[in-house]
Each structure stands twice: as C-alpha cells, then as structure tokens.
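Data block below; observations after.
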Amino acid sequence: MGIAGRVARAFLKSKLTPLVTVASLVLGALGLFATPREEEPQISVPMIDVIVAMPGAGPREIETRMVRPLERRMWELAGVEHVYAMSGDGYAMVTVRFRVGEDQERSVVRVHAKLLSAMDEMPSGAFPPMVKPHAIDDVPILALTLRGGGYGQNALRQMALHLEDEIRTVTDVAATTVIGGRQREVSVLLSPSRLAAAGVTPGEVAQALSAANARLQAGTYADGNAVYRVSVGDALATARDVERVVITARGGAPVYVGSVAEVRDAFGEPTNYVETVTGDRADPAVTITVAKRPGANATQVADEVLARVHAAEARVLASGVGFEVTRNYGETAGDKAAELILHLLIATLSVTLLVGFFLGWREAIVVLV
C-alpha cells in the first residue's frame, strides 16, 4: 500500500474525519457569506499627487525650478514605476505611481519623508508642497440624485447638504460629495470711492474680516468643582454681521465694512451642473456621491445608506422632492457575486452527477462534500 492508501486508511478509521468535514463546510459557508462584495478589485496601486505653488512664476520657470527637482526626488523612492508632471502659471502637479502591490500608507509616508528632506532646496517664494493620495476606494459606490418639487438647484443643494449629514452617520461611509447647485456665500464688493473717502485700504478690510471671523480661547476659570472655558469672538454668519465689522477709526468715529463696501448674502459662482433629462425637458437636480472605507462590504454599505436615506426622507426633503439611485456599485457587486456562486454550484453539481454516473453514488457524495 502506497502513501495515498495509508493516508486514506488513516482518514477512514479516524474519529476526527467527520469533525474536519463539518468544520470545512462551516468555514466555507462563513467565507461565502462574510466575504465583502466589491465592484472594483482591491488591488493596491498607490498613486500620489504632489501639488506645489509659486505665485508669479510662469510654466517654464515652474518646470525648471520645481518640477524637475521633484521628479528626480520621486524617482529616488523604491517601488516607483511612473512619474508624471504638469506645469501651469504659478503651480505644478507631479503624480507618482508606484508598482502594483506596494502598500498605500507606506508609499505616502515615503513621499512625505522625501519632500521634507528636500525642503531646503525649494526656491524662494514657493509654498510647501501638498500631498494628495488616491486609492480605488475613492471611487463612489453610490450616487443619489435629488429632483422635483419645482425647486431650483440652489434649494435642492441645501436639502442635499442636510441629507449628506444623515448619510455620514453610517459607520463604513468614508467620504460624501454634493454635486450641483451653488454654495451659499457672503460677498464683500469694495467701493473705491468709499475706500478713498474713508482712508481705508483693501488690505485693512481683509485683515479686519479675518480677525472678526475667529473664535479664540481667552482662558478658563474654576467654580463649583468645575472648570469653564472662556472664548472670545464668533464666526460671521450673516451679511448683517459682516456689515457691522469695524475696520478702523477715523476722526474718533468707527469705519464699518458696510460703509465702504456692498455686502451680499447670496450664492457663489456655479462650478458644475446636474440635470435630469426626460425627452426634451431638462429639470435641475443635485447628486450626492458616497464612497466607502477600504475593506468594507460595498453591498452592505449601500443598503445601510439607502435605509438611512429612506428613514430621513420625510424629515429632510421638502414635499414633492424625491431621489433616484443613479449609481449603486453595491447592488451590481452583489449581483455579480450571486452569479459567480450560481455558476460554482452548477459546476459542482455537474461534476457530482458525472462522477455518480461513472463511479457510483458514494464517490459522488465525497466529491460533492
């Protein structure tokens, strides 16, 4: 009897064989149901953007004095596969792509360390570099588009911001973004004639607004077995608050922002548009995108987000406003996983029937298990 025969006889006579079989089946079932469903493969390909700025410099100067030294520094890192660069007026972006399989966090640390070691070589007037890593989990797994009710994009954006706060309470949500509409902002339009009459410069106005729009800790005091923190100042919230900011004093009288500028509480310039088209009709809309944490189950996260949205829909959205799921990678990932499992079951049953037809039912059961 050979090695295979002795191993088979040991398993046939061992009392642990049924336990090993049951444990294997249980582990297989746990792996089948507990493995996260992913639309995108979890392949680690670190890609990091290094953004540098030097105001007043042209593209050629930026390339010579900043981009080329940065490229040389990035090529010194282990595991780097490609380095791309783009230069513009006063700024540049160098993209570093590492080899497949390199650790994302370790690659970011390497880039940071290399940049810090070369800070003494930065040209005069250049800002410190900004490092922005990218990963496959930055791709949104869910997109919800709000529309209807006769509301414009600005009103829909305000509702979307409240709904975004509800979505962020889901545990495995990493990042959310609202696309469409214009952000609310308070604009200060300076009047040259008023500035000249008051003897105030635009720099003084900017400095006064920056100082007024701050909250500072003034100290603490103890009372009744408790310590209280004292803060001074508050953020500017309305146009009226901005108008009442004191810039300076001239002739013993204060000069307010409202006396030298026109303050508007409105919406800023649009940066993107979202519309839903039905036939020849285009209705304004706003989209909320949701990205998940690395390693989280995309199907489970999408289901939890949709459940939270349905629970908050009546409380956050106005009458007549609804939402449509325009992207759901969790659902498609679940469908693909279910299809794969179905094909595995079909293959397993086919092999079992084939073995049973030619060898017998005992051998078929062994193969099936």
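Ligands are numbered from 1 in the order shown, residues from 1 within each chain, and chains are lettered A, B, ... in the order they appear in the structure tokens.
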### Message
Just want the 8 Å neighbourhood of range 255-266 of chain A, counted on only C-alpha atoms, with same-chain residues fewer than 5 positions away dropped. Output as number ranges by chain.
### Response
A: 184-191, 194-195, 198, 205, 238-239, 242-250
### Task
Give the helix (DSSP H, G or I) residues of range 33-194 of chain A, as assigned by DSSP on the backbone, as an MDAnalysis selection string.
chainID A and resid 33:34 59:75 104:117 119:121 136:138 153:167 192:194
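Residues surrounding Pro129 in chain A within 8 Å are Val50, Ile51, Val52, Ala53 and Leu115 of chain A [only C-alpha atoms; sequence separation below 5 positions excluded].
In terms of minimum interatomic distance to Arg72 in chain A, A:Ala118 ranks closest within A:Ala118, A:Val170, A:Ala337, A:Met47, counting only C-alpha atoms.
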Applying 9 Å and only C-alpha atoms, which residues near range 135-140 of chain A remain after dropping the ones on its own chain fewer than 2 positions away? List them as a compact mmCIF listing (two decimals) with all heavy atoms, in the first residue's frame.
# COMPACT_ATOMS: atom_id res chain seq x y z
N GLU A 40 -15.05 47.02 -7.58
CA GLU A 40 -13.69 47.21 -8.07
C GLU A 40 -12.75 46.27 -7.31
O GLU A 40 -12.88 46.10 -6.10
CB GLU A 40 -13.24 48.66 -7.85
CG GLU A 40 -14.15 49.70 -8.46
CD GLU A 40 -14.10 49.72 -9.97
OE1 GLU A 40 -13.17 49.10 -10.53
OE2 GLU A 40 -14.99 50.33 -10.58
N PRO A 41 -11.81 45.64 -8.00
CA PRO A 41 -10.87 44.75 -7.30
C PRO A 41 -9.98 45.53 -6.34
O PRO A 41 -9.54 46.64 -6.66
CB PRO A 41 -10.07 44.12 -8.44
CG PRO A 41 -10.17 45.11 -9.56
CD PRO A 41 -11.54 45.73 -9.43
N GLN A 42 -9.71 44.95 -5.19
CA GLN A 42 -8.88 45.61 -4.19
C GLN A 42 -7.41 45.37 -4.50
O GLN A 42 -6.70 44.65 -3.81
CB GLN A 42 -9.23 45.08 -2.80
CG GLN A 42 -10.59 45.53 -2.30
CD GLN A 42 -10.66 47.04 -2.13
OE1 GLN A 42 -9.81 47.64 -1.49
NE2 GLN A 42 -11.68 47.65 -2.71
N ILE A 43 -6.96 45.99 -5.59
CA ILE A 43 -5.56 45.92 -6.00
C ILE A 43 -4.88 47.21 -5.56
O ILE A 43 -5.35 48.30 -5.88
CB ILE A 43 -5.43 45.74 -7.52
CG1 ILE A 43 -6.14 44.45 -7.95
CG2 ILE A 43 -3.97 45.70 -7.94
CD1 ILE A 43 -6.17 44.25 -9.44
N SER A 44 -3.80 47.07 -4.83
CA SER A 44 -3.09 48.25 -4.31
C SER A 44 -2.15 48.79 -5.38
O SER A 44 -1.12 48.16 -5.69
CB SER A 44 -2.32 47.89 -3.04
OG SER A 44 -1.60 49.01 -2.56
N VAL A 45 -2.52 49.93 -5.96
CA VAL A 45 -1.66 50.64 -6.91
C VAL A 45 -1.57 52.09 -6.42
O VAL A 45 -2.33 52.95 -6.88
CB VAL A 45 -2.19 50.58 -8.35
CG1 VAL A 45 -1.18 51.18 -9.32
CG2 VAL A 45 -2.52 49.16 -8.74
N PRO A 46 -0.68 52.38 -5.48
CA PRO A 46 -0.62 53.74 -4.92
C PRO A 46 -0.33 54.78 -5.99
O PRO A 46 0.61 54.64 -6.77
CB PRO A 46 0.52 53.65 -3.90
CG PRO A 46 0.65 52.19 -3.59
CD PRO A 46 0.30 51.48 -4.84
N MET A 47 -1.16 55.82 -6.02
CA MET A 47 -0.95 56.96 -6.91
C MET A 47 -1.08 58.23 -6.08
O MET A 47 -2.11 58.44 -5.43
CB MET A 47 -1.95 56.94 -8.06
CG MET A 47 -1.74 58.04 -9.08
SD MET A 47 -2.81 57.88 -10.52
CE MET A 47 -2.15 56.41 -11.27
N ILE A 48 -0.06 59.04 -6.07
CA ILE A 48 0.02 60.19 -5.17
C ILE A 48 0.32 61.45 -5.98
O ILE A 48 1.25 61.46 -6.79
CB ILE A 48 1.11 59.97 -4.10
CG1 ILE A 48 0.83 58.68 -3.33
CG2 ILE A 48 1.20 61.15 -3.15
CD1 ILE A 48 1.95 58.24 -2.43
N GLN A 104 -0.17 51.30 0.38
CA GLN A 104 -0.60 52.68 0.16
C GLN A 104 -0.05 53.62 1.24
O GLN A 104 0.55 54.66 0.92
CB GLN A 104 -2.13 52.74 0.15
CG GLN A 104 -2.72 54.13 0.04
CD GLN A 104 -2.74 54.65 -1.36
OE1 GLN A 104 -2.54 53.89 -2.30
NE2 GLN A 104 -2.98 55.93 -1.53
N PRO A 133 -3.03 61.61 -1.82
CA PRO A 133 -3.03 60.24 -2.34
C PRO A 133 -4.38 59.86 -2.95
O PRO A 133 -5.42 60.43 -2.62
CB PRO A 133 -2.74 59.40 -1.09
CG PRO A 133 -3.27 60.22 0.04
CD PRO A 133 -3.10 61.65 -0.35
N LEU A 142 -22.04 54.73 -4.49
CA LEU A 142 -23.46 55.06 -4.52
C LEU A 142 -23.63 56.52 -4.91
O LEU A 142 -22.87 57.38 -4.47
CB LEU A 142 -24.08 54.81 -3.13
CG LEU A 142 -25.60 54.91 -3.02
CD1 LEU A 142 -26.27 53.79 -3.80
CD2 LEU A 142 -26.03 54.84 -1.55
N ALA A 143 -24.63 56.79 -5.74
CA ALA A 143 -24.95 58.15 -6.15
C ALA A 143 -26.46 58.33 -6.09
O ALA A 143 -27.21 57.53 -6.66
CB ALA A 143 -24.43 58.45 -7.55
N ALA A 174 -16.93 56.58 4.00
CA ALA A 174 -15.66 57.30 4.12
C ALA A 174 -15.78 58.75 3.70
O ALA A 174 -15.27 59.64 4.38
CB ALA A 174 -14.59 56.59 3.29
N ALA A 175 -16.42 59.01 2.58
CA ALA A 175 -16.49 60.38 2.07
C ALA A 175 -17.78 60.57 1.30
O ALA A 175 -18.29 59.64 0.67
CB ALA A 175 -15.30 60.68 1.17
N THR A 176 -18.31 61.77 1.36
CA THR A 176 -19.51 62.14 0.61
C THR A 176 -19.26 63.47 -0.09
O THR A 176 -18.51 64.30 0.41
CB THR A 176 -20.74 62.26 1.52
OG1 THR A 176 -20.47 63.23 2.55
CG2 THR A 176 -21.07 60.92 2.17
N THR A 289 -22.77 61.81 -3.83
CA THR A 289 -21.96 60.61 -4.04
C THR A 289 -21.42 60.11 -2.70
O THR A 289 -21.12 60.90 -1.81
CB THR A 289 -20.79 60.88 -4.99
OG1 THR A 289 -19.92 61.86 -4.41
CG2 THR A 289 -21.29 61.39 -6.33
N VAL A 290 -21.32 58.80 -2.58
CA VAL A 290 -20.89 58.16 -1.33
C VAL A 290 -19.77 57.17 -1.63
O VAL A 290 -19.91 56.32 -2.51
CB VAL A 290 -22.07 57.41 -0.66
CG1 VAL A 290 -21.62 56.78 0.66
CG2 VAL A 290 -23.25 58.35 -0.44
N ALA A 291 -18.65 57.31 -0.92
CA ALA A 291 -17.53 56.37 -1.01
C ALA A 291 -17.40 55.63 0.31
O ALA A 291 -17.73 56.18 1.37
CB ALA A 291 -16.24 57.09 -1.34
N LYS A 292 -16.92 54.41 0.26
CA LYS A 292 -16.84 53.57 1.45
C LYS A 292 -15.41 53.47 1.96
O LYS A 292 -14.46 53.84 1.28
CB LYS A 292 -17.37 52.17 1.15
CG LYS A 292 -16.49 51.39 0.20
CD LYS A 292 -16.99 49.97 0.01
CE LYS A 292 -16.03 49.17 -0.86
NZ LYS A 292 -14.71 48.98 -0.23
N ARG A 293 -15.28 52.93 3.17
CA ARG A 293 -13.97 52.70 3.74
C ARG A 293 -13.32 51.48 3.08
O ARG A 293 -14.00 50.58 2.60
CB ARG A 293 -14.08 52.45 5.24
CG ARG A 293 -14.48 53.67 6.06
CD ARG A 293 -14.56 53.33 7.52
NE ARG A 293 -14.91 54.51 8.33
CZ ARG A 293 -15.09 54.46 9.64
NH1 ARG A 293 -14.94 53.32 10.30
NH2 ARG A 293 -15.40 55.56 10.30
N PRO A 294 -11.98 51.43 3.08
CA PRO A 294 -11.30 50.26 2.50
C PRO A 294 -11.68 48.99 3.24
O PRO A 294 -11.71 48.95 4.48
CB PRO A 294 -9.81 50.59 2.67
CG PRO A 294 -9.75 52.08 2.78
CD PRO A 294 -11.02 52.49 3.47
N GLY A 295 -11.97 47.93 2.47
CA GLY A 295 -12.29 46.64 3.05
C GLY A 295 -13.73 46.45 3.44
O GLY A 295 -14.13 45.33 3.81
N ARG A 327 -26.41 55.50 -9.29
CA ARG A 327 -25.27 54.56 -9.27
C ARG A 327 -25.35 53.75 -8.00
O ARG A 327 -25.56 54.29 -6.92
CB ARG A 327 -23.94 55.30 -9.33
CG ARG A 327 -22.73 54.38 -9.12
CD ARG A 327 -21.44 55.15 -8.97
NE ARG A 327 -21.04 55.79 -10.21
CZ ARG A 327 -19.94 56.54 -10.33
NH1 ARG A 327 -19.17 56.75 -9.27
NH2 ARG A 327 -19.64 57.09 -11.48
N ASN A 328 -25.19 52.44 -8.13
CA ASN A 328 -25.20 51.57 -6.96
C ASN A 328 -24.26 50.41 -7.23
O ASN A 328 -24.68 49.35 -7.71
CB ASN A 328 -26.61 51.08 -6.64
CG ASN A 328 -26.69 50.38 -5.29
OD1 ASN A 328 -25.66 50.04 -4.70
ND2 ASN A 328 -27.89 50.17 -4.80
N TYR A 329 -22.97 50.63 -6.95
CA TYR A 329 -21.99 49.56 -7.14
C TYR A 329 -22.20 48.42 -6.15
O TYR A 329 -21.79 47.29 -6.42
CB TYR A 329 -20.58 50.12 -6.99
CG TYR A 329 -20.07 50.84 -8.22
CD1 TYR A 329 -20.87 50.98 -9.35
CD2 TYR A 329 -18.79 51.37 -8.25
CE1 TYR A 329 -20.40 51.64 -10.47
CE2 TYR A 329 -18.32 52.04 -9.37
CZ TYR A 329 -19.13 52.17 -10.48
OH TYR A 329 -18.67 52.82 -11.59
